[in-house]
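Source file: data_23.cif; contents: mmCIF, C-alpha atoms.
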```
data_work
#
loop_
_atom_site.group_PDB
_atom_site.id
_atom_site.type_symbol
_atom_site.label_atom_id
_atom_site.label_comp_id
_atom_site.auth_asym_id
_atom_site.auth_seq_id
_atom_site.Cartn_x
_atom_site.Cartn_y
_atom_site.Cartn_z
ATOM 1 C CA MET A 1290 7.241 12.579 14.753
ATOM 2 C CA GLU A 1291 5.090 10.618 12.308
ATOM 3 C CA ILE A 1292 6.951 9.220 9.274
ATOM 4 C CA ALA A 1293 5.206 7.708 6.253
ATOM 5 C CA GLY A 1294 5.951 6.509 2.742
ATOM 6 C CA PRO A 1295 6.112 9.049 -0.040
ATOM 7 C CA ARG A 1296 2.619 8.306 -1.378
ATOM 8 C CA GLU A 1297 -0.561 6.331 -0.851
ATOM 9 C CA GLU A 1298 -0.301 2.791 -2.227
ATOM 10 C CA ASP A 1299 -2.849 0.102 -3.071
ATOM 11 C CA LEU A 1300 -1.907 -3.206 -1.427
ATOM 12 C CA ALA A 1301 -3.429 -5.345 -4.198
ATOM 13 C CA GLN A 1302 -1.470 -3.400 -6.828
ATOM 14 C CA LEU A 1303 1.743 -3.866 -4.849
ATOM 15 C CA ALA A 1304 1.120 -7.626 -4.734
ATOM 16 C CA ILE A 1305 0.567 -7.653 -8.513
ATOM 17 C CA MET A 1306 3.810 -5.752 -9.069
ATOM 18 C CA LEU A 1307 5.772 -8.113 -6.809
ATOM 19 C CA ALA A 1308 4.328 -11.236 -8.452
ATOM 20 C CA ALA A 1309 5.094 -9.857 -11.924
ATOM 21 C CA ARG A 1310 8.680 -9.114 -10.914
ATOM 22 C CA ARG A 1311 9.070 -12.673 -9.623
ATOM 23 C CA GLY A 1312 7.480 -14.089 -12.771
ATOM 24 C CA THR A 1313 4.799 -15.765 -10.682
ATOM 25 C CA PRO A 1314 1.435 -16.094 -12.421
ATOM 26 C CA VAL A 1315 -1.156 -15.079 -9.854
ATOM 27 C CA LYS A 1316 -4.549 -13.463 -9.757
ATOM 28 C CA VAL A 1317 -4.850 -10.759 -7.122
ATOM 29 C CA GLN A 1318 -8.255 -9.436 -6.160
ATOM 30 C CA ALA A 1319 -8.751 -6.772 -3.525
ATOM 31 C CA VAL A 1320 -11.544 -7.517 -1.077
ATOM 32 C CA ARG A 1321 -13.194 -5.479 1.626
ATOM 33 C CA ASN A 1322 -14.731 -6.986 4.712
ATOM 34 C CA PRO A 1323 -17.587 -4.822 6.023
ATOM 35 C CA ALA A 1324 -17.341 -6.687 9.340
ATOM 36 C CA ASP A 1325 -13.779 -5.417 9.788
ATOM 37 C CA PRO A 1326 -13.885 -2.902 12.651
ATOM 38 C CA ASP A 1327 -11.494 -0.660 10.691
ATOM 39 C CA ALA A 1328 -13.399 -0.869 7.366
ATOM 40 C CA ASP A 1329 -14.806 2.668 7.574
ATOM 41 C CA MET A 1330 -11.451 4.094 8.615
ATOM 42 C CA GLN A 1331 -9.714 2.349 5.699
ATOM 43 C CA ALA A 1332 -12.352 3.518 3.204
ATOM 44 C CA THR A 1333 -12.056 7.154 4.285
ATOM 45 C CA GLY A 1334 -8.257 7.336 4.493
ATOM 46 C CA GLY A 1335 -8.132 7.187 8.280
ATOM 47 C CA LEU A 1336 -5.050 4.980 8.184
ATOM 48 C CA LEU A 1337 -3.083 7.456 6.075
ATOM 49 C CA PRO A 1338 -0.536 9.746 7.726
ATOM 50 C CA GLY A 1339 -1.630 13.058 9.150
ATOM 51 C CA PRO A 1340 -0.923 16.402 7.478
ATOM 52 C CA GLY A 1341 2.173 16.987 9.607
ATOM 53 C CA ALA A 1342 3.817 13.654 8.782
ATOM 54 C CA ARG A 1343 7.276 13.590 7.305
ATOM 55 C CA LEU A 1344 7.134 11.761 3.977
ATOM 56 C CA ALA A 1345 10.132 9.684 2.953
ATOM 57 C CA GLY A 1346 10.979 7.309 0.114
ATOM 58 C CA PRO A 1347 11.528 5.155 -1.666
ATOM 59 C CA THR A 1348 8.275 4.355 -3.431
ATOM 60 C CA PHE A 1349 7.430 0.662 -3.700
ATOM 61 C CA GLN A 1350 8.412 0.683 -7.385
ATOM 62 C CA GLU A 1351 11.788 2.213 -6.543
ATOM 63 C CA TRP A 1352 12.321 -0.362 -3.801
ATOM 64 C CA LEU A 1353 11.298 -3.186 -6.130
ATOM 65 C CA ASP A 1354 13.722 -1.960 -8.793
ATOM 66 C CA GLN A 1355 16.580 -2.195 -6.262
ATOM 67 C CA GLN A 1356 15.867 -5.838 -5.404
#
```

Output the file's structure as structure tokens, nothing else.
Amino acid sequence: MEIAGPREEDLAQLAIMLAARRGTPVKVQAVRNPADPDADMQATGGLLPGPGARLAGPTFQEWLDQQ
């Protein structure tokens, strides 16, 4: 059985949220490396769960709020 988070998340946005919660002034910039062998798969959602995956929480925001 495939289990995944409750929704698609953006890693750079999660880092921004975590830094803000910690009060750490940082600049986060998402980058893509075209030489990455998984770049096409990442760009097209190939790393997301399949249609039969069981989705479970919490969201990152919910988790962050519990910390």

Checklist entry - Hey, what comes out of the PyMOL selection byres ((chain A and resi 1298) around 12) on this file? Could you write it as number ranges by chain? => result A: 1293-1297, 1299-1304, 1306, 1334, 1336-1337, 1348-1350

Would you compute an axis-aligned box for region 1298-1317 of chain A, covering every atom listed for it in the file with 8 Å of margin on each side, and report centre and edge lengths in Å to one decimal as lines of an AutoDock Vina configuration file?
```
center_x = 2.1
center_y = -6.7
center_z = -7.1
size_x = 29.9
size_y = 34.9
size_z = 27.3
```

Next on the checklist: Once the PyMOL selection byres ((chain A and resi 1341) around 12) is applied to the coordinates I shared, what remains selected? I want it as an MDAnalysis selection string.
Outcome noted: chainID A and resid 1290:1293 1337:1340 1342:1344

Item to check | Distance in Å - CA of Gln1331 (chain A) versus CA of Arg1310 (chain A) | outcome: 27.3 Å

Checklist entry - Which is closer to Trp1352 (chain A) than all the others in A:Leu1307, A:Gly1335, A:Thr1313, A:Gln1318, using only C-alpha atoms? => result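 The shortest atom-to-atom distance to Trp1352 (chain A) comes from A:Leu1307.
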
Next on the checklist: Could you tell me how far CA of Arg1311 (chain A) sits from CA of Gln1355 (chain A), in Å to one decimal place?
Outcome noted: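 About the pair CA of Gln1355 (chain A) and CA of Arg1311 (chain A): they are 13.3 Å apart.
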
Checklist entry - Can you tell me how far CA of Arg1321 (chain A) sits from CA of Pro1347 (chain A), in Å to one decimal? => result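 Spanning CA of Arg1321 (chain A) to CA of Pro1347 (chain A) is a straight-line distance of 27.1 Å.
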